[in-house]
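Chemist: Okay, so here is start_31.cif, and as you'll see once you scroll down, it has mmCIF, N, CA and C atoms and all ligand atoms.
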```
data_target
loop_
_atom_site.label_atom_id
_atom_site.label_comp_id
_atom_site.auth_asym_id
_atom_site.auth_seq_id
_atom_site.Cartn_x
_atom_site.Cartn_y
_atom_site.Cartn_z
N MET A 314 -6.71 45.04 -8.25
CA MET A 314 -6.02 43.74 -8.09
C MET A 314 -4.69 43.78 -8.83
N PRO A 315 -3.57 43.73 -8.15
CA PRO A 315 -2.30 43.77 -8.88
C PRO A 315 -2.06 42.45 -9.61
N ALA A 316 -1.36 42.54 -10.72
CA ALA A 316 -1.07 41.33 -11.49
C ALA A 316 0.18 40.65 -10.93
N GLY A 317 0.32 39.37 -11.22
CA GLY A 317 1.55 38.66 -10.88
C GLY A 317 1.67 38.23 -9.44
N THR A 318 0.58 38.17 -8.69
CA THR A 318 0.66 37.77 -7.29
C THR A 318 -0.15 36.51 -7.03
N THR A 319 -0.25 35.66 -8.00
CA THR A 319 -1.14 34.52 -7.86
C THR A 319 -0.67 33.54 -6.79
N ASN A 320 0.63 33.48 -6.51
CA ASN A 320 1.12 32.51 -5.53
C ASN A 320 1.31 33.11 -4.15
N ALA A 321 1.02 34.39 -4.01
CA ALA A 321 1.37 35.05 -2.76
C ALA A 321 0.24 35.02 -1.74
N GLY A 322 -0.90 34.50 -2.10
CA GLY A 322 -2.04 34.67 -1.24
C GLY A 322 -2.25 33.60 -0.18
N ALA A 323 -1.58 32.46 -0.28
CA ALA A 323 -1.90 31.37 0.63
C ALA A 323 -0.64 30.80 1.28
N PRO A 324 -0.02 31.54 2.17
CA PRO A 324 1.24 31.05 2.75
C PRO A 324 1.05 29.84 3.66
N PHE A 325 -0.14 29.59 4.13
CA PHE A 325 -0.35 28.48 5.07
C PHE A 325 -1.07 27.31 4.42
N GLY A 326 -1.17 27.35 3.11
CA GLY A 326 -1.98 26.35 2.44
C GLY A 326 -1.30 25.01 2.25
N ARG A 327 -0.01 24.90 2.54
CA ARG A 327 0.68 23.65 2.20
C ARG A 327 1.28 22.99 3.44
N ARG A 328 0.72 23.26 4.59
CA ARG A 328 1.26 22.63 5.80
C ARG A 328 0.68 21.24 5.96
N THR A 329 1.29 20.30 5.31
CA THR A 329 0.81 18.92 5.40
C THR A 329 1.98 18.04 5.83
N GLU A 330 1.69 17.07 6.66
CA GLU A 330 2.76 16.22 7.17
C GLU A 330 3.02 15.05 6.25
N LYS A 331 2.21 14.91 5.27
CA LYS A 331 2.40 13.78 4.38
C LYS A 331 2.69 14.29 2.98
N TYR A 332 3.50 13.55 2.31
CA TYR A 332 3.87 13.87 0.96
C TYR A 332 2.90 13.20 0.01
N ARG A 333 2.32 13.98 -0.85
CA ARG A 333 1.33 13.44 -1.78
C ARG A 333 1.93 13.44 -3.17
N ASP A 334 2.07 12.31 -3.75
CA ASP A 334 2.70 12.28 -5.07
C ASP A 334 1.68 12.53 -6.15
N ARG A 335 2.12 12.47 -7.38
CA ARG A 335 1.23 12.92 -8.44
C ARG A 335 0.11 11.93 -8.72
N GLU A 336 0.20 10.74 -8.18
CA GLU A 336 -0.92 9.82 -8.32
C GLU A 336 -1.95 10.02 -7.22
N GLY A 337 -1.67 10.90 -6.30
CA GLY A 337 -2.61 11.12 -5.22
C GLY A 337 -2.46 10.13 -4.09
N LEU A 338 -1.41 9.33 -4.12
CA LEU A 338 -1.18 8.38 -3.04
C LEU A 338 -0.41 9.08 -1.93
N VAL A 339 -0.68 8.66 -0.73
CA VAL A 339 -0.02 9.29 0.40
C VAL A 339 1.16 8.42 0.84
N THR A 340 2.31 9.02 0.89
CA THR A 340 3.49 8.32 1.37
C THR A 340 3.80 8.82 2.77
N ASP A 341 3.66 7.96 3.72
CA ASP A 341 3.91 8.36 5.09
C ASP A 341 5.40 8.44 5.34
N THR A 342 5.88 9.63 5.63
CA THR A 342 7.31 9.79 5.82
C THR A 342 7.73 9.49 7.26
N MET A 343 6.79 9.20 8.13
CA MET A 343 7.11 8.93 9.53
C MET A 343 7.17 7.42 9.77
N THR A 344 7.97 6.73 9.00
CA THR A 344 8.05 5.29 9.17
C THR A 344 8.95 4.97 10.34
N SER A 345 8.37 4.86 11.51
CA SER A 345 9.17 4.62 12.70
C SER A 345 9.57 3.16 12.81
N ARG A 346 8.74 2.27 12.29
CA ARG A 346 9.03 0.85 12.42
C ARG A 346 9.07 0.23 11.03
N PRO A 347 10.27 0.05 10.48
CA PRO A 347 10.31 -0.52 9.13
C PRO A 347 9.80 -1.95 9.13
N PRO A 348 9.18 -2.36 8.05
CA PRO A 348 8.64 -3.71 8.00
C PRO A 348 9.75 -4.75 8.05
N GLU A 349 9.41 -5.90 8.59
CA GLU A 349 10.38 -6.99 8.66
C GLU A 349 10.56 -7.60 7.27
N VAL A 350 11.81 -7.86 6.93
CA VAL A 350 12.11 -8.47 5.64
C VAL A 350 12.65 -9.87 5.88
N HIS A 351 12.10 -10.83 5.15
CA HIS A 351 12.57 -12.20 5.26
C HIS A 351 13.56 -12.49 4.14
N GLY A 352 14.50 -13.35 4.43
CA GLY A 352 15.46 -13.70 3.40
C GLY A 352 16.62 -14.46 3.99
N ILE A 353 17.49 -14.89 3.13
CA ILE A 353 18.64 -15.70 3.52
C ILE A 353 19.89 -14.84 3.48
N ASP A 354 20.61 -14.82 4.59
CA ASP A 354 21.85 -14.04 4.70
C ASP A 354 21.61 -12.57 4.39
N LEU A 355 20.55 -12.00 4.95
CA LEU A 355 20.24 -10.60 4.68
C LEU A 355 21.28 -9.68 5.29
N ASP A 356 21.58 -8.61 4.56
CA ASP A 356 22.36 -7.54 5.16
C ASP A 356 21.41 -6.38 5.46
N PRO A 357 21.89 -5.32 6.10
CA PRO A 357 20.95 -4.24 6.50
C PRO A 357 20.24 -3.58 5.34
N ALA A 358 20.76 -3.69 4.14
CA ALA A 358 20.11 -3.09 2.98
C ALA A 358 19.28 -4.11 2.21
N THR A 359 18.94 -5.20 2.85
CA THR A 359 18.08 -6.27 2.33
C THR A 359 18.70 -7.03 1.16
N ARG A 360 20.02 -6.94 1.01
CA ARG A 360 20.64 -7.86 0.05
C ARG A 360 20.56 -9.27 0.62
N CYS A 361 20.53 -10.25 -0.27
CA CYS A 361 20.37 -11.63 0.21
C CYS A 361 21.42 -12.53 -0.42
N ALA A 362 21.31 -13.80 -0.11
CA ALA A 362 22.30 -14.75 -0.62
C ALA A 362 22.25 -14.86 -2.14
N HIS A 363 21.10 -14.55 -2.73
CA HIS A 363 20.95 -14.71 -4.17
C HIS A 363 21.33 -13.45 -4.94
N TYR A 364 20.92 -12.31 -4.40
CA TYR A 364 21.14 -11.03 -5.09
C TYR A 364 21.85 -10.10 -4.12
N HIS A 365 23.14 -9.94 -4.29
CA HIS A 365 23.90 -9.15 -3.32
C HIS A 365 24.85 -8.18 -4.01
N GLY A 366 24.49 -7.72 -5.17
CA GLY A 366 25.27 -6.66 -5.81
C GLY A 366 25.03 -5.33 -5.12
N PRO A 367 25.81 -4.33 -5.49
CA PRO A 367 25.67 -3.02 -4.82
C PRO A 367 24.30 -2.40 -4.97
N THR A 368 23.55 -2.76 -6.00
CA THR A 368 22.24 -2.12 -6.20
C THR A 368 21.09 -3.05 -5.88
N ASP A 369 21.38 -4.21 -5.30
CA ASP A 369 20.29 -5.15 -4.97
C ASP A 369 19.74 -4.84 -3.59
N ILE A 370 19.12 -3.68 -3.48
CA ILE A 370 18.78 -3.18 -2.14
C ILE A 370 17.30 -3.15 -1.88
N MET A 371 16.49 -3.64 -2.79
CA MET A 371 15.07 -3.52 -2.51
C MET A 371 14.46 -4.87 -2.17
N ALA A 372 13.49 -4.82 -1.28
CA ALA A 372 12.74 -6.01 -0.91
C ALA A 372 11.33 -5.87 -1.46
N ILE A 373 10.68 -6.99 -1.65
CA ILE A 373 9.36 -7.00 -2.27
C ILE A 373 8.38 -7.71 -1.36
N LYS A 374 7.27 -7.04 -1.15
CA LYS A 374 6.19 -7.69 -0.39
C LYS A 374 5.45 -8.62 -1.33
N MET A 375 5.35 -9.86 -0.91
CA MET A 375 4.73 -10.85 -1.79
C MET A 375 3.22 -10.80 -1.69
N LYS A 376 2.60 -10.86 -2.83
CA LYS A 376 1.14 -10.84 -2.89
C LYS A 376 0.54 -12.02 -2.11
N CYS A 377 1.21 -13.17 -2.17
CA CYS A 377 0.64 -14.39 -1.60
C CYS A 377 0.52 -14.33 -0.08
N CYS A 378 1.53 -13.76 0.60
CA CYS A 378 1.53 -13.82 2.05
C CYS A 378 1.64 -12.44 2.70
N GLY A 379 1.81 -11.39 1.91
CA GLY A 379 1.88 -10.06 2.49
C GLY A 379 3.14 -9.79 3.28
N SER A 380 4.16 -10.62 3.10
CA SER A 380 5.42 -10.43 3.81
C SER A 380 6.49 -9.95 2.84
N TYR A 381 7.39 -9.13 3.38
CA TYR A 381 8.51 -8.69 2.56
C TYR A 381 9.57 -9.79 2.48
N TYR A 382 10.02 -10.04 1.26
CA TYR A 382 11.15 -10.93 1.03
C TYR A 382 12.19 -10.20 0.20
N ALA A 383 13.46 -10.60 0.40
CA ALA A 383 14.52 -9.94 -0.36
C ALA A 383 14.41 -10.27 -1.84
N CYS A 384 13.97 -11.48 -2.16
CA CYS A 384 13.82 -11.84 -3.56
C CYS A 384 12.92 -13.07 -3.65
N LYS A 385 12.61 -13.42 -4.87
CA LYS A 385 11.72 -14.56 -5.09
C LYS A 385 12.36 -15.87 -4.64
N ASP A 386 13.70 -15.96 -4.73
CA ASP A 386 14.36 -17.19 -4.33
C ASP A 386 14.36 -17.35 -2.82
N CYS A 387 14.48 -16.24 -2.11
CA CYS A 387 14.32 -16.31 -0.66
C CYS A 387 12.92 -16.82 -0.31
N HIS A 388 11.93 -16.32 -1.03
CA HIS A 388 10.56 -16.78 -0.79
C HIS A 388 10.45 -18.26 -1.08
N ALA A 389 11.06 -18.70 -2.17
CA ALA A 389 10.99 -20.12 -2.52
C ALA A 389 11.65 -20.99 -1.45
N ASP A 390 12.72 -20.48 -0.86
CA ASP A 390 13.44 -21.27 0.14
C ASP A 390 12.74 -21.25 1.50
N LEU A 391 12.09 -20.15 1.83
CA LEU A 391 11.60 -19.97 3.18
C LEU A 391 10.09 -20.16 3.32
N ALA A 392 9.35 -19.84 2.29
CA ALA A 392 7.89 -19.97 2.39
C ALA A 392 7.47 -21.37 1.96
N ASP A 393 6.30 -21.75 2.40
CA ASP A 393 5.82 -23.10 2.11
C ASP A 393 4.71 -23.09 1.07
N HIS A 394 4.72 -22.09 0.23
CA HIS A 394 3.65 -21.97 -0.76
C HIS A 394 4.20 -21.28 -2.00
N PRO A 395 3.57 -21.44 -3.12
CA PRO A 395 4.05 -20.80 -4.35
C PRO A 395 3.84 -19.29 -4.33
N ILE A 396 4.68 -18.60 -5.06
CA ILE A 396 4.62 -17.15 -5.13
C ILE A 396 3.41 -16.73 -5.98
N GLU A 397 2.88 -15.58 -5.63
CA GLU A 397 1.80 -15.01 -6.45
C GLU A 397 2.25 -13.64 -6.93
N VAL A 398 1.86 -13.27 -8.12
CA VAL A 398 2.23 -11.96 -8.64
C VAL A 398 1.13 -10.95 -8.32
N TRP A 399 1.52 -9.67 -8.34
CA TRP A 399 0.56 -8.60 -8.06
C TRP A 399 -0.23 -8.30 -9.32
N PRO A 400 -1.55 -8.46 -9.27
CA PRO A 400 -2.34 -8.06 -10.43
C PRO A 400 -2.33 -6.55 -10.60
N GLU A 401 -2.49 -6.13 -11.82
CA GLU A 401 -2.32 -4.70 -12.11
C GLU A 401 -3.28 -3.82 -11.32
N ASN A 402 -4.47 -4.33 -11.00
CA ASN A 402 -5.42 -3.49 -10.27
C ASN A 402 -5.04 -3.34 -8.79
N GLU A 403 -3.94 -3.97 -8.37
CA GLU A 403 -3.46 -3.76 -7.01
C GLU A 403 -2.08 -3.11 -6.98
N TRP A 404 -1.70 -2.49 -8.07
CA TRP A 404 -0.39 -1.85 -8.12
C TRP A 404 -0.31 -0.58 -7.31
N SER A 405 -1.42 -0.15 -6.74
CA SER A 405 -1.37 1.00 -5.83
C SER A 405 -1.04 0.58 -4.40
N GLN A 406 -0.84 -0.72 -4.19
CA GLN A 406 -0.44 -1.21 -2.87
C GLN A 406 1.05 -0.95 -2.68
N LYS A 407 1.42 -0.63 -1.45
CA LYS A 407 2.84 -0.50 -1.14
C LYS A 407 3.45 -1.89 -1.06
N ALA A 408 4.37 -2.19 -1.92
CA ALA A 408 4.91 -3.55 -1.96
C ALA A 408 6.41 -3.57 -2.23
N ILE A 409 7.05 -2.41 -2.25
CA ILE A 409 8.49 -2.35 -2.50
C ILE A 409 9.13 -1.58 -1.36
N LEU A 410 10.18 -2.15 -0.80
CA LEU A 410 10.89 -1.49 0.28
C LEU A 410 12.30 -1.15 -0.20
N CYS A 411 12.65 0.14 -0.10
CA CYS A 411 14.01 0.54 -0.43
C CYS A 411 14.91 0.21 0.76
N GLY A 412 15.87 -0.66 0.54
CA GLY A 412 16.76 -1.06 1.62
C GLY A 412 17.72 0.03 2.05
N ALA A 413 17.85 1.07 1.24
CA ALA A 413 18.76 2.16 1.59
C ALA A 413 18.12 3.15 2.56
N CYS A 414 16.89 3.55 2.30
CA CYS A 414 16.26 4.57 3.13
C CYS A 414 15.03 4.05 3.86
N GLY A 415 14.54 2.87 3.53
CA GLY A 415 13.41 2.30 4.24
C GLY A 415 12.05 2.78 3.77
N VAL A 416 12.00 3.55 2.70
CA VAL A 416 10.71 4.02 2.22
C VAL A 416 9.99 2.86 1.53
N GLU A 417 8.67 2.88 1.63
CA GLU A 417 7.87 1.89 0.93
C GLU A 417 7.24 2.52 -0.30
N LEU A 418 7.38 1.84 -1.40
CA LEU A 418 6.84 2.33 -2.66
C LEU A 418 5.68 1.43 -3.09
N THR A 419 4.77 2.02 -3.83
CA THR A 419 3.76 1.17 -4.45
C THR A 419 4.40 0.48 -5.66
N VAL A 420 3.75 -0.57 -6.10
CA VAL A 420 4.25 -1.27 -7.27
C VAL A 420 4.38 -0.29 -8.44
N ARG A 421 3.37 0.55 -8.60
CA ARG A 421 3.38 1.46 -9.73
C ARG A 421 4.49 2.50 -9.59
N GLN A 422 4.70 2.99 -8.38
CA GLN A 422 5.81 3.92 -8.18
C GLN A 422 7.14 3.26 -8.55
N TYR A 423 7.28 2.01 -8.15
CA TYR A 423 8.53 1.32 -8.46
C TYR A 423 8.68 1.12 -9.96
N LEU A 424 7.62 0.69 -10.61
CA LEU A 424 7.73 0.44 -12.04
C LEU A 424 7.99 1.73 -12.81
N ASN A 425 7.58 2.85 -12.23
CA ASN A 425 7.81 4.14 -12.89
C ASN A 425 9.10 4.80 -12.45
N SER A 426 9.90 4.12 -11.63
CA SER A 426 10.99 4.81 -10.97
C SER A 426 12.27 4.86 -11.80
N THR A 427 12.31 4.22 -12.94
CA THR A 427 13.52 4.17 -13.76
C THR A 427 14.74 3.80 -12.94
N SER A 428 14.58 2.79 -12.10
CA SER A 428 15.69 2.18 -11.37
C SER A 428 16.39 3.13 -10.41
N LEU A 429 15.66 4.12 -9.91
CA LEU A 429 16.17 4.99 -8.85
C LEU A 429 15.13 5.07 -7.76
N CYS A 430 15.57 5.04 -6.51
CA CYS A 430 14.61 5.27 -5.43
C CYS A 430 14.12 6.71 -5.52
N PRO A 431 12.80 6.93 -5.64
CA PRO A 431 12.31 8.30 -5.72
C PRO A 431 12.52 9.08 -4.44
N SER A 432 12.80 8.39 -3.35
CA SER A 432 12.99 9.07 -2.08
C SER A 432 14.44 9.43 -1.84
N CYS A 433 15.35 8.46 -1.92
CA CYS A 433 16.75 8.72 -1.59
C CYS A 433 17.66 8.69 -2.79
N ARG A 434 17.13 8.40 -3.95
CA ARG A 434 17.88 8.38 -5.21
C ARG A 434 18.90 7.25 -5.27
N ALA A 435 18.81 6.29 -4.39
CA ALA A 435 19.70 5.14 -4.49
C ALA A 435 19.36 4.37 -5.75
N PRO A 436 20.35 3.93 -6.48
CA PRO A 436 20.06 3.16 -7.69
C PRO A 436 19.60 1.75 -7.37
N PHE A 437 18.54 1.31 -8.05
CA PHE A 437 18.09 -0.07 -7.97
C PHE A 437 18.72 -0.85 -9.12
N ASN A 438 18.81 -2.13 -8.94
CA ASN A 438 19.40 -2.95 -9.98
C ASN A 438 18.52 -2.95 -11.23
N PRO A 439 19.00 -2.37 -12.33
CA PRO A 439 18.15 -2.33 -13.53
C PRO A 439 17.85 -3.72 -14.09
N LYS A 440 18.68 -4.71 -13.73
CA LYS A 440 18.42 -6.06 -14.22
C LYS A 440 17.15 -6.65 -13.61
N CYS A 441 16.68 -6.05 -12.50
CA CYS A 441 15.44 -6.55 -11.91
C CYS A 441 14.30 -6.47 -12.91
N ARG A 442 14.42 -5.59 -13.87
CA ARG A 442 13.33 -5.47 -14.84
C ARG A 442 13.11 -6.78 -15.58
N ARG A 443 14.14 -7.57 -15.70
CA ARG A 443 13.95 -8.86 -16.37
C ARG A 443 13.12 -9.81 -15.53
N HIS A 444 12.96 -9.49 -14.26
CA HIS A 444 12.21 -10.39 -13.37
C HIS A 444 10.84 -9.83 -13.00
N TYR A 445 10.45 -8.74 -13.63
CA TYR A 445 9.17 -8.12 -13.25
C TYR A 445 8.03 -9.13 -13.30
N HIS A 446 8.04 -9.97 -14.32
CA HIS A 446 6.90 -10.86 -14.50
C HIS A 446 6.82 -11.89 -13.38
N LEU A 447 7.90 -12.04 -12.59
CA LEU A 447 7.86 -12.99 -11.48
C LEU A 447 7.18 -12.40 -10.26
N TYR A 448 7.07 -11.07 -10.24
CA TYR A 448 6.48 -10.41 -9.08
C TYR A 448 5.17 -9.68 -9.43
N PHE A 449 5.12 -9.18 -10.66
CA PHE A 449 4.01 -8.33 -11.06
C PHE A 449 3.38 -8.90 -12.33
N GLN A 450 2.07 -8.76 -12.40
CA GLN A 450 1.37 -9.19 -13.61
C GLN A 450 1.60 -8.13 -14.68
N VAL A 451 2.49 -8.40 -15.60
CA VAL A 451 2.78 -7.43 -16.64
C VAL A 451 2.17 -7.87 -17.96
N LEU A 452 1.84 -6.89 -18.75
CA LEU A 452 1.24 -7.19 -20.04
C LEU A 452 2.21 -8.02 -20.87
N GLY A 453 1.71 -9.03 -21.51
CA GLY A 453 2.55 -9.85 -22.37
C GLY A 453 3.15 -11.05 -21.67
N SER A 454 3.04 -11.12 -20.35
CA SER A 454 3.54 -12.30 -19.66
C SER A 454 2.49 -13.39 -19.70
N PRO A 455 2.91 -14.62 -19.67
CA PRO A 455 1.96 -15.71 -19.79
C PRO A 455 1.00 -15.81 -18.61
ZN ZN A 501 4.29 -15.93 -0.03
ZN ZN A 502 17.20 -14.04 -2.09
ZN ZN A 503 15.47 4.89 -0.89
#
```
Can the structure in the file be given as structure tokens, please?

Modeler:
Amino acid sequence: MPAGTTNAGAPFGRRTEKYRDREGLVTDTMTSRPPEVHGIDLDPATRCAHYHGPTDIMAIKMKCCGSYYACKDCHADLADHPIEVWPENEWSQKAILCGACGVELTVRQYLNSTSLCPSCRAPFNPKCRRHYHLYFQVLGSP
């Protein structure tokens, strides 16, 4: 048995159509139909009337109704019910949409993303971190 050939034995072992991240979640890269995003004065990158800076490109699926909204204020204006935050035990749900590339992230992927889309590297607005408690059940929030 020659040494140093540990990676040479399985050339067909990685033919998978889905990308599996380190949490073991499957990210389907064949998103042919992006989810509909609700909001006020939306642009193609899901910026809205409230948050329209260059990095305000992500939409959030609301726990309460399962619909994507550009921001909590769009939800307040358009939905007829109060917002609900994502409890931590559901952070493996896909609930973040990158308006730049259309990839859907789980809550946990987003919270771990350090304000960059892990798929297209588009920067997310770092100020959104101040609003995490409005969307996600974070430790220390009331
Ligand atoms: Zn809702
Ligand atoms: Zn908005
Ligand atoms: Zn992206």

Chemist: May I ask you to write as JSON, numbers by chain all residues lying at most 6.5 Å from ligand ZN 503 (chain A), with all atoms listed in the file counted?

Modeler: {"A": [411, 412, 413, 414, 415, 416, 430, 431, 432, 433, 434, 435]}

Chemist: Quick one: residues within 12 Å of ligand ZN 502 (chain A), with only C-alpha atoms and all ligand atoms, as an MDAnalysis selection string?

Modeler: chainID A and resid 350:356 359:366 369:373 381:392

Chemist: For a quick check of understanding, using all atoms listed in the file, which of A:Lys376, A:Pro367, A:Leu429, A:Ile409 has the smallest distance to Glu397 (chain A)?

Modeler: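 Between A:Lys376, A:Pro367, A:Leu429, A:Ile409, the residue approaching Glu397 (chain A) most closely is A:Lys376.
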
Chemist: What residues of the protein or nucleic acid chains come within 6 Å of ligand ZN 501 (chain A) when you use all atoms listed in the file? Reply as a CSV table (one decimal) with N, CA and C atoms, keeping the file's coordinate frame.

Modeler:
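Written output follows (selection_27.csv):
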```csv
chain,number,residue,atom,x,y,z
A,375,MET,N,5.4,-9.9,-0.9
A,375,MET,CA,4.7,-10.8,-1.8
A,375,MET,C,3.2,-10.8,-1.7
A,376,LYS,N,2.6,-10.9,-2.8
A,376,LYS,CA,1.1,-10.8,-2.9
A,376,LYS,C,0.5,-12.0,-2.1
A,377,CYS,N,1.2,-13.2,-2.2
A,377,CYS,CA,0.6,-14.4,-1.6
A,377,CYS,C,0.5,-14.3,-0.1
A,378,CYS,N,1.5,-13.8,0.6
A,378,CYS,CA,1.5,-13.8,2.0
A,378,CYS,C,1.6,-12.4,2.7
A,379,GLY,N,1.8,-11.4,1.9
A,379,GLY,CA,1.9,-10.1,2.5
A,379,GLY,C,3.1,-9.8,3.3
A,392,ALA,N,9.4,-19.8,2.3
A,392,ALA,CA,7.9,-20.0,2.4
A,392,ALA,C,7.5,-21.4,2.0
A,394,HIS,N,4.7,-22.1,0.2
A,394,HIS,CA,3.6,-22.0,-0.8
A,394,HIS,C,4.2,-21.3,-2.0
A,395,PRO,N,3.6,-21.4,-3.1
A,395,PRO,CA,4.0,-20.8,-4.4
A,395,PRO,C,3.8,-19.3,-4.3
A,396,ILE,N,4.7,-18.6,-5.1
A,396,ILE,CA,4.6,-17.2,-5.1
A,396,ILE,C,3.4,-16.7,-6.0
A,397,GLU,N,2.9,-15.6,-5.6
A,397,GLU,CA,1.8,-15.0,-6.4
A,397,GLU,C,2.2,-13.6,-6.9
```

Chemist: What is the distance between atom N of Pro400 (chain A) and atom C of Phe449 (chain A), in Å to one decimal?

Modeler: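 For atom N of Pro400 (chain A) relative to atom C of Phe449 (chain A), the distance reads 5.8 Å.
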